[in-house]
Structure formats: structure tokens, C-alpha cells
$ cat query-v5.pdb   # PDB, C-alpha atoms, pLDDT in the B column
ATOM      1  CA  MET A   1       0.000   0.000   0.000  1.00 49.00           C
ATOM      2  CA  LEU A   2       2.826   2.397   0.921  1.00 43.00           C
ATOM      3  CA  LYS A   3       4.589   1.655  -2.404  1.00 46.00           C
ATOM      4  CA  LYS A   4       1.394   2.417  -4.371  1.00 45.00           C
ATOM      5  CA  THR A   5       0.871   5.681  -2.470  1.00 41.00           C
ATOM      6  CA  THR A   6       4.499   6.724  -3.003  1.00 42.00           C
ATOM      7  CA  LEU A   7       4.344   5.790  -6.687  1.00 40.00           C
ATOM      8  CA  GLY A   8       1.059   7.684  -7.065  1.00 45.00           C
ATOM      9  CA  LEU A   9       2.493  10.805  -5.396  1.00 42.00           C
ATOM     10  CA  THR A  10       5.632  10.611  -7.540  1.00 40.00           C
ATOM     11  CA  LEU A  11       3.613  10.318 -10.759  1.00 40.00           C
ATOM     12  CA  ALA A  12       1.317  13.148  -9.687  1.00 42.00           C
ATOM     13  CA  SER A  13       4.373  15.325  -8.940  1.00 42.00           C
ATOM     14  CA  LEU A  14       5.903  14.547 -12.334  1.00 39.00           C
ATOM     15  CA  LEU A  15       2.650  15.289 -14.177  1.00 40.00           C
ATOM     16  CA  LEU A  16       2.237  18.524 -12.263  1.00 41.00           C
ATOM     17  CA  ALA A  17       5.815  19.510 -13.022  1.00 39.00           C
ATOM     18  CA  ALA A  18       5.369  18.598 -16.695  1.00 40.00           C
ATOM     19  CA  GLY A  19       2.203  20.701 -16.875  1.00 39.00           C
ATOM     20  CA  THR A  20       3.920  23.753 -15.464  1.00 41.00           C
ATOM     21  CA  ALA A  21       7.143  23.227 -17.404  1.00 44.00           C
ATOM     22  CA  SER A  22       5.491  24.326 -20.639  1.00 72.00           C
ATOM     23  CA  ALA A  23       4.619  27.744 -19.169  1.00 87.00           C
ATOM     24  CA  ALA A  24       7.221  30.328 -20.097  1.00 96.00           C
ATOM     25  CA  ASN A  25       7.780  34.031 -19.547  1.00 97.00           C
ATOM     26  CA  TYR A  26       8.333  36.261 -22.565  1.00 98.00           C
ATOM     27  CA  LYS A  27       9.647  39.811 -22.797  1.00 97.00           C
ATOM     28  CA  ILE A  28       8.064  41.929 -25.528  1.00 97.00           C
ATOM     29  CA  ASP A  29      10.684  42.546 -28.245  1.00 96.00           C
ATOM     30  CA  LYS A  30      10.778  46.304 -27.934  1.00 90.00           C
ATOM     31  CA  GLU A  31      14.425  46.633 -28.966  1.00 87.00           C
ATOM     32  CA  GLY A  32      13.888  44.815 -32.269  1.00 88.00           C
ATOM     33  CA  GLN A  33      10.690  46.776 -32.935  1.00 90.00           C
ATOM     34  CA  HIS A  34       8.675  43.585 -33.358  1.00 95.00           C
ATOM     35  CA  ALA A  35       5.722  44.926 -31.404  1.00 97.00           C
ATOM     36  CA  PHE A  36       3.049  47.508 -32.152  1.00 97.00           C
ATOM     37  CA  ILE A  37       0.184  49.103 -30.256  1.00 98.00           C
ATOM     38  CA  GLU A  38      -1.999  50.918 -32.726  1.00 98.00           C
ATOM     39  CA  PHE A  39      -5.461  52.401 -32.674  1.00 98.00           C
ATOM     40  CA  ARG A  40      -8.039  53.785 -35.018  1.00 98.00           C
ATOM     41  CA  ILE A  41     -11.052  56.024 -34.603  1.00 97.00           C
ATOM     42  CA  LYS A  42     -13.539  57.235 -37.171  1.00 96.00           C
ATOM     43  CA  HIS A  43     -13.040  60.797 -38.343  1.00 94.00           C
ATOM     44  CA  LEU A  44     -16.459  62.409 -38.706  1.00 90.00           C
ATOM     45  CA  GLY A  45     -17.758  59.047 -39.872  1.00 90.00           C
ATOM     46  CA  TYR A  46     -16.030  59.545 -43.243  1.00 93.00           C
ATOM     47  CA  SER A  47     -12.699  57.814 -42.757  1.00 96.00           C
ATOM     48  CA  TRP A  48     -10.398  56.222 -40.193  1.00 97.00           C
ATOM     49  CA  LEU A  49      -7.719  58.108 -38.303  1.00 96.00           C
ATOM     50  CA  TYR A  50      -4.864  55.763 -37.328  1.00 98.00           C
ATOM     51  CA  GLY A  51      -2.303  56.229 -34.604  1.00 98.00           C
ATOM     52  CA  SER A  52       0.127  54.351 -32.432  1.00 98.00           C
ATOM     53  CA  PHE A  53       1.979  54.415 -29.148  1.00 98.00           C
ATOM     54  CA  ASN A  54       5.659  54.193 -29.991  1.00 97.00           C
ATOM     55  CA  ASP A  55       6.982  53.565 -26.471  1.00 97.00           C
ATOM     56  CA  PHE A  56       5.737  50.660 -24.380  1.00 97.00           C
ATOM     57  CA  ASP A  57       7.135  47.695 -22.516  1.00 97.00           C
ATOM     58  CA  GLY A  58       5.976  44.529 -20.877  1.00 97.00           C
ATOM     59  CA  GLY A  59       5.760  40.804 -21.083  1.00 97.00           C
ATOM     60  CA  PHE A  60       3.545  37.784 -20.966  1.00 98.00           C
ATOM     61  CA  THR A  61       3.439  34.237 -19.688  1.00 97.00           C
ATOM     62  CA  PHE A  62       2.317  31.696 -22.270  1.00 96.00           C
ATOM     63  CA  ASP A  63       1.290  28.092 -21.665  1.00 95.00           C
ATOM     64  CA  GLU A  64      -0.254  26.590 -24.790  1.00 91.00           C
ATOM     65  CA  LYS A  65      -1.713  23.667 -22.820  1.00 93.00           C
ATOM     66  CA  ASP A  66      -3.163  25.746 -19.987  1.00 95.00           C
ATOM     67  CA  PRO A  67      -4.372  29.208 -21.124  1.00 94.00           C
ATOM     68  CA  ALA A  68      -5.699  29.909 -17.620  1.00 94.00           C
ATOM     69  CA  ALA A  69      -2.032  30.147 -16.539  1.00 95.00           C
ATOM     70  CA  ASP A  70      -1.301  32.862 -19.124  1.00 96.00           C
ATOM     71  CA  LYS A  71      -0.675  36.438 -18.007  1.00 97.00           C
ATOM     72  CA  VAL A  72      -0.096  39.759 -19.761  1.00 98.00           C
ATOM     73  CA  ASN A  73       1.379  42.928 -18.293  1.00 98.00           C
ATOM     74  CA  VAL A  74       2.036  46.035 -20.434  1.00 98.00           C
ATOM     75  CA  THR A  75       2.910  49.653 -19.651  1.00 98.00           C
ATOM     76  CA  ILE A  76       2.384  52.294 -22.356  1.00 98.00           C
ATOM     77  CA  ASN A  77       4.003  55.725 -22.248  1.00 98.00           C
ATOM     78  CA  THR A  78       1.100  57.856 -23.457  1.00 98.00           C
ATOM     79  CA  THR A  79       3.435  60.732 -24.324  1.00 98.00           C
ATOM     80  CA  SER A  80       4.564  58.574 -27.267  1.00 98.00           C
ATOM     81  CA  VAL A  81       1.216  58.872 -29.069  1.00 98.00           C
ATOM     82  CA  PHE A  82       1.811  59.369 -32.793  1.00 98.00           C
ATOM     83  CA  THR A  83      -0.723  60.060 -35.553  1.00 98.00           C
ATOM     84  CA  ASN A  84       1.639  61.502 -38.177  1.00 97.00           C
ATOM     85  CA  HIS A  85       0.423  65.040 -37.417  1.00 97.00           C
ATOM     86  CA  ALA A  86       2.350  67.082 -34.813  1.00 98.00           C
ATOM     87  CA  GLU A  87      -0.474  69.471 -33.849  1.00 98.00           C
ATOM     88  CA  ARG A  88      -2.977  66.625 -33.446  1.00 97.00           C
ATOM     89  CA  ASP A  89      -0.483  64.656 -31.342  1.00 98.00           C
ATOM     90  CA  LYS A  90       0.009  67.717 -29.120  1.00 98.00           C
ATOM     91  CA  HIS A  91      -3.791  68.004 -28.762  1.00 97.00           C
ATOM     92  CA  LEU A  92      -4.088  64.295 -27.906  1.00 97.00           C
ATOM     93  CA  ARG A  93      -1.493  64.745 -25.130  1.00 98.00           C
ATOM     94  CA  SER A  94      -3.507  67.636 -23.632  1.00 97.00           C
ATOM     95  CA  ALA A  95      -5.988  67.499 -20.736  1.00 96.00           C
ATOM     96  CA  GLU A  96      -8.833  67.147 -23.268  1.00 95.00           C
ATOM     97  CA  PHE A  97      -7.679  63.643 -24.182  1.00 96.00           C
ATOM     98  CA  LEU A  98      -4.790  61.653 -22.665  1.00 97.00           C
ATOM     99  CA  ASN A  99      -3.766  64.275 -20.084  1.00 97.00           C
ATOM    100  CA  VAL A 100      -0.174  63.038 -20.183  1.00 98.00           C
ATOM    101  CA  SER A 101       1.112  65.622 -17.706  1.00 98.00           C
ATOM    102  CA  LYS A 102      -1.048  63.951 -15.013  1.00 98.00           C
ATOM    103  CA  HIS A 103      -1.192  60.414 -16.425  1.00 98.00           C
ATOM    104  CA  PRO A 104       1.956  59.703 -18.440  1.00 98.00           C
ATOM    105  CA  GLN A 105       1.297  55.958 -18.528  1.00 98.00           C
ATOM    106  CA  ALA A 106      -1.482  53.558 -19.421  1.00 98.00           C
ATOM    107  CA  THR A 107      -1.359  49.950 -18.226  1.00 98.00           C
ATOM    108  CA  PHE A 108      -2.958  46.609 -18.963  1.00 98.00           C
ATOM    109  CA  LYS A 109      -2.733  43.775 -16.453  1.00 98.00           C
ATOM    110  CA  SER A 110      -4.581  40.586 -17.290  1.00 98.00           C
ATOM    111  CA  THR A 111      -6.944  38.962 -14.799  1.00 98.00           C
ATOM    112  CA  SER A 112      -7.966  35.925 -16.887  1.00 98.00           C
ATOM    113  CA  VAL A 113      -7.240  34.181 -20.170  1.00 97.00           C
ATOM    114  CA  LYS A 114      -9.754  31.789 -21.714  1.00 97.00           C
ATOM    115  CA  LYS A 115      -9.527  29.668 -24.837  1.00 95.00           C
ATOM    116  CA  GLU A 116     -12.323  30.379 -27.327  1.00 95.00           C
ATOM    117  CA  GLY A 117     -11.882  28.141 -30.354  1.00 92.00           C
ATOM    118  CA  ASP A 118      -8.583  29.137 -31.989  1.00 91.00           C
ATOM    119  CA  ASN A 119      -8.526  32.437 -30.105  1.00 95.00           C
ATOM    120  CA  LEU A 120      -7.885  33.606 -26.572  1.00 97.00           C
ATOM    121  CA  ALA A 121     -10.081  36.025 -24.644  1.00 98.00           C
ATOM    122  CA  VAL A 122      -7.635  38.046 -22.564  1.00 98.00           C
ATOM    123  CA  THR A 123      -9.469  40.041 -19.893  1.00 98.00           C
ATOM    124  CA  GLY A 124      -7.687  42.522 -17.689  1.00 98.00           C
ATOM    125  CA  ASP A 125      -7.640  45.872 -15.964  1.00 98.00           C
ATOM    126  CA  PHE A 126      -6.888  48.668 -18.420  1.00 98.00           C
ATOM    127  CA  THR A 127      -5.891  52.007 -16.919  1.00 98.00           C
ATOM    128  CA  LEU A 128      -5.984  55.106 -19.114  1.00 98.00           C
ATOM    129  CA  ASN A 129      -6.230  58.762 -18.112  1.00 97.00           C
ATOM    130  CA  GLY A 130      -6.264  57.690 -14.444  1.00 96.00           C
ATOM    131  CA  VAL A 131      -9.347  55.465 -14.888  1.00 98.00           C
ATOM    132  CA  THR A 132      -9.259  51.664 -14.574  1.00 98.00           C
ATOM    133  CA  LYS A 133     -11.876  49.521 -16.306  1.00 98.00           C
ATOM    134  CA  PRO A 134     -12.071  45.878 -17.372  1.00 98.00           C
ATOM    135  CA  LEU A 135     -11.139  45.269 -20.999  1.00 98.00           C
ATOM    136  CA  THR A 136     -11.276  42.053 -23.020  1.00 98.00           C
ATOM    137  CA  LEU A 137      -8.947  41.610 -25.976  1.00 98.00           C
ATOM    138  CA  GLN A 138      -9.484  38.912 -28.585  1.00 98.00           C
ATOM    139  CA  ALA A 139      -6.034  37.431 -29.164  1.00 98.00           C
ATOM    140  CA  LYS A 140      -4.609  34.857 -31.532  1.00 97.00           C
ATOM    141  CA  LEU A 141      -1.297  33.031 -31.541  1.00 97.00           C
ATOM    142  CA  LEU A 142       0.459  33.845 -34.819  1.00 97.00           C
ATOM    143  CA  GLY A 143       3.382  31.492 -34.339  1.00 97.00           C
ATOM    144  CA  GLN A 144       6.181  30.331 -32.098  1.00 97.00           C
ATOM    145  CA  GLY A 145       9.594  28.733 -32.393  1.00 96.00           C
ATOM    146  CA  LYS A 146      13.344  29.178 -32.358  1.00 97.00           C
ATOM    147  CA  ASP A 147      14.910  32.325 -33.753  1.00 95.00           C
ATOM    148  CA  PRO A 148      18.277  32.638 -35.570  1.00 95.00           C
ATOM    149  CA  TRP A 149      19.974  34.034 -32.420  1.00 93.00           C
ATOM    150  CA  GLY A 150      19.426  31.040 -30.161  1.00 95.00           C
ATOM    151  CA  GLY A 151      16.243  32.280 -28.553  1.00 95.00           C
ATOM    152  CA  TYR A 152      12.646  31.168 -28.606  1.00 97.00           C
ATOM    153  CA  ARG A 153       9.792  33.491 -29.619  1.00 97.00           C
ATOM    154  CA  ALA A 154       6.014  33.621 -29.615  1.00 97.00           C
ATOM    155  CA  GLY A 155       3.911  36.180 -31.468  1.00 97.00           C
ATOM    156  CA  PHE A 156       0.310  37.265 -30.987  1.00 98.00           C
ATOM    157  CA  GLU A 157      -2.161  39.698 -32.460  1.00 98.00           C
ATOM    158  CA  ALA A 158      -5.031  41.129 -30.449  1.00 98.00           C
ATOM    159  CA  ALA A 159      -7.896  43.544 -30.865  1.00 98.00           C
ATOM    160  CA  GLY A 160     -10.367  45.308 -28.619  1.00 98.00           C
ATOM    161  CA  THR A 161     -12.531  48.397 -28.380  1.00 98.00           C
ATOM    162  CA  ILE A 162     -12.766  51.091 -25.716  1.00 98.00           C
ATOM    163  CA  ALA A 163     -15.297  53.877 -25.273  1.00 97.00           C
ATOM    164  CA  LEU A 164     -13.611  57.261 -24.762  1.00 96.00           C
ATOM    165  CA  LYS A 165     -16.167  58.388 -22.154  1.00 96.00           C
ATOM    166  CA  ASP A 166     -15.357  55.320 -20.008  1.00 97.00           C
ATOM    167  CA  TYR A 167     -11.891  56.795 -19.482  1.00 97.00           C
ATOM    168  CA  GLY A 168     -12.965  60.359 -18.732  1.00 95.00           C
ATOM    169  CA  ILE A 169     -12.401  61.629 -22.278  1.00 95.00           C
ATOM    170  CA  THR A 170     -15.527  63.674 -22.875  1.00 91.00           C
ATOM    171  CA  THR A 171     -14.495  65.876 -25.807  1.00 90.00           C
ATOM    172  CA  ASP A 172     -17.294  65.555 -28.360  1.00 88.00           C
ATOM    173  CA  LEU A 173     -15.874  64.165 -31.586  1.00 90.00           C
ATOM    174  CA  GLY A 174     -19.306  63.400 -33.042  1.00 90.00           C
ATOM    175  CA  PRO A 175     -21.521  60.310 -32.874  1.00 91.00           C
ATOM    176  CA  ALA A 176     -19.297  58.188 -35.140  1.00 91.00           C
ATOM    177  CA  SER A 177     -16.203  58.811 -33.019  1.00 94.00           C
ATOM    178  CA  GLN A 178     -17.133  57.549 -29.560  1.00 95.00           C
ATOM    179  CA  ASP A 179     -15.122  54.319 -29.637  1.00 97.00           C
ATOM    180  CA  VAL A 180     -11.473  53.571 -30.314  1.00 97.00           C
ATOM    181  CA  GLU A 181     -10.393  50.270 -31.817  1.00 98.00           C
ATOM    182  CA  LEU A 182      -7.112  48.829 -30.523  1.00 98.00           C
ATOM    183  CA  ILE A 183      -4.902  46.804 -32.855  1.00 97.00           C
ATOM    184  CA  ILE A 184      -2.000  45.047 -31.143  1.00 97.00           C
ATOM    185  CA  SER A 185       0.774  42.867 -32.501  1.00 97.00           C
ATOM    186  CA  VAL A 186       3.533  41.616 -30.216  1.00 97.00           C
ATOM    187  CA  GLU A 187       6.446  39.262 -30.492  1.00 97.00           C
ATOM    188  CA  GLY A 188       7.965  38.079 -27.253  1.00 97.00           C
ATOM    189  CA  VAL A 189      11.385  36.575 -26.567  1.00 97.00           C
ATOM    190  CA  GLN A 190      11.365  33.774 -24.022  1.00 97.00           C
ATOM    191  CA  GLU A 191      13.269  34.693 -20.872  1.00 96.00           C
ATOM    192  CA  LYS A 192      15.991  32.305 -19.804  1.00 87.00           C
TER     193      LYS A 192
END
$ encode --input "query-v5.pdb" --output "C-alpha cells"
Amino acid sequence: MLKKTTLGLTLASLLLAAGTASAANYKIDKEGQHAFIEFRIKHLGYSWLYGSFNDFDGGFTFDEKDPAADKVNVTINTTSVFTNHAERDKHLRSAEFLNVSKHPQATFKSTSVKKEGDNLAVTGDFTLNGVTKPLTLQAKLLGQGKDPWGGYRAGFEAAGTIALKDYGITTDLGPASQDVELIISVEGVQEK
């Protein structure tokens, strides 16, 4: 009986260790510029205005076999907003929009990850303009594997939508311009 119990505990320990061994931490490849946080908002309902945040950092934990173990943590420097128009970027940094003098950073910290078919629903706390609200991003694994420099990488794309008024941005841009679509593409390098 003691042998069976010991064998059972040993097997359980090995299975548990094997299950957690596939989880890995990744650092977003900011240096290689293999990551983008972009957004778009309708301009008067006639066209899309695109922009990006050029300075951000973070990482994620990825376990292909156990998505519930996955985590995402990103910090965005809102002063890095870029829409290819200097005066508009200055306006976006003002108190009417991102209020970067008071809130120079936005953050996303995941609270759950769930598998939904081929996609992942990544829910977390998104803080922008000093306001924190839950946000769910629909993410998809683009690929993973060894890189030419001896590392291991995983890449994802994700999308979500936020309402400006939810984050204290009340400037009236017209009825077609109440929501901002987020478009995210990140490649992470596995930490050793």
C-alpha cells in the first residue's frame, strides 16, 4: 500500500511539473521593434484616423496547454502617441484627451485568459487617463519557435474596443467617433 501511495504521489508530482514546465515568460521585443500598439477612430464618420503608441514595454506568460495560466502585463508611455500630425499629437497629449502631464502611462494587467476556439479572450484591468476599467482583448497566436539568435519566440495579435467616455475623455468628436479600436501585434522573446 505504501509503495502504491508513493508511486502515485511521484507520478502526480511529475505530471504537475510537466504541466507547469510548458509555461514560459516572454519579454516583448521592444528593442527589435517587433511589437506595435496601434489604434483607429472614425473621423467624422467619413474615414479612419490611425495612430500608435511608440513607447511601451511589458511581457507575458504563455502556456499553450493551460491558457488559464497565461498572463499579460504592459505599460504604455502615453506621451509617445503618434498620428503623423504634430499638432494633433500635441492636442491628444492635452488634458482634453490623454492628459499626459497627469497620467503619463497607461497599463494593462490581465486577470484571466480563456480559450475560445482558436482564439484567446484576454481580460484585464486597463488604466488610461487615471481610470481603470475591465477590458477584453481577442487574441490569436500567430506562431512560435526558435529564432536565428538562439532564442525562442512567440507572437500574438489582439484587438479590442474602448469607449472614450469610459476613461474620462468627454471631448465631443461626433456620434461616429465615440469608440477607439485597438490593434496590437507583439512578439515576445522567451526569458531564460
$ atom_distance --input "query-v5.pdb" --atom1 "CA of Phe82 (chain A)" --atom2 "CA of Asn54 (chain A)"
7.0 Å
$ resolve_selection --input "query-v5.pdb" --expression "the PyMOL selection byres ((chain A and resi 156-169) around 7)" --output "PDB file with C-alpha atoms, in the coordinates of the input"
ATOM      1  CA  GLU A  96      -8.833  67.147 -23.268  1.00 95.00           C
ATOM      2  CA  PHE A  97      -7.679  63.643 -24.182  1.00 96.00           C
ATOM      3  CA  LEU A 128      -5.984  55.106 -19.114  1.00 98.00           C
ATOM      4  CA  ASN A 129      -6.230  58.762 -18.112  1.00 97.00           C
ATOM      5  CA  VAL A 131      -9.347  55.465 -14.888  1.00 98.00           C
ATOM      6  CA  THR A 136     -11.276  42.053 -23.020  1.00 98.00           C
ATOM      7  CA  LEU A 137      -8.947  41.610 -25.976  1.00 98.00           C
ATOM      8  CA  GLN A 138      -9.484  38.912 -28.585  1.00 98.00           C
ATOM      9  CA  ALA A 139      -6.034  37.431 -29.164  1.00 98.00           C
ATOM     10  CA  LYS A 140      -4.609  34.857 -31.532  1.00 97.00           C
ATOM     11  CA  LEU A 141      -1.297  33.031 -31.541  1.00 97.00           C
ATOM     12  CA  LEU A 142       0.459  33.845 -34.819  1.00 97.00           C
ATOM     13  CA  ALA A 154       6.014  33.621 -29.615  1.00 97.00           C
ATOM     14  CA  GLY A 155       3.911  36.180 -31.468  1.00 97.00           C
ATOM     15  CA  THR A 170     -15.527  63.674 -22.875  1.00 91.00           C
ATOM     16  CA  THR A 171     -14.495  65.876 -25.807  1.00 90.00           C
ATOM     17  CA  GLN A 178     -17.133  57.549 -29.560  1.00 95.00           C
ATOM     18  CA  ASP A 179     -15.122  54.319 -29.637  1.00 97.00           C
ATOM     19  CA  VAL A 180     -11.473  53.571 -30.314  1.00 97.00           C
ATOM     20  CA  GLU A 181     -10.393  50.270 -31.817  1.00 98.00           C
ATOM     21  CA  LEU A 182      -7.112  48.829 -30.523  1.00 98.00           C
ATOM     22  CA  ILE A 183      -4.902  46.804 -32.855  1.00 97.00           C
ATOM     23  CA  ILE A 184      -2.000  45.047 -31.143  1.00 97.00           C
ATOM     24  CA  SER A 185       0.774  42.867 -32.501  1.00 97.00           C
ATOM     25  CA  VAL A 186       3.533  41.616 -30.216  1.00 97.00           C
ATOM     26  CA  GLU A 187       6.446  39.262 -30.492  1.00 97.00           C
TER      27      GLU A 187
END
$ axis_aligned_box --input "query-v5.pdb" --around "region 25-37 of chain A" --padding-each-side "6 Å" --output "AutoDock Vina command-line options"
--center_x 7.3 --center_y 41.6 --center_z -26.5 --size_x 26.2 --size_y 27.1 --size_z 25.8
$ residues_near_point --input "query-v5.pdb" --point "(3.9, 52.8, -17.9)" --cutoff "9 Å" --atoms "only C-alpha atoms" --output "ChimeraX atom specification"
/A:56-57,74-78,104-107
$ atom_distance --input "query-v5.pdb" --atom1 "CA of Gly45 (chain A)" --atom2 "CA of Ser177 (chain A)"
7.0 Å
$ closest_residue --input "query-v5.pdb" --among "A:Pro67, A:Gly130, A:Gly59, A:Pro148" --to "Val189 (chain A)" --atoms "only C-alpha atoms"
A:Gly59
$ atom_distance --input "query-v5.pdb" --atom1 "CA of Gln190 (chain A)" --atom2 "CA of Ile37 (chain A)"
20.0 Å
$ residues_around --input "query-v5.pdb" --residues "Arg153 (chain A)" --least-positions-apart "5" --cutoff "9 Å" --atoms "all atoms listed in the file" --output "PyMOL selection string"
chain A and resi 26+143-147+187-190
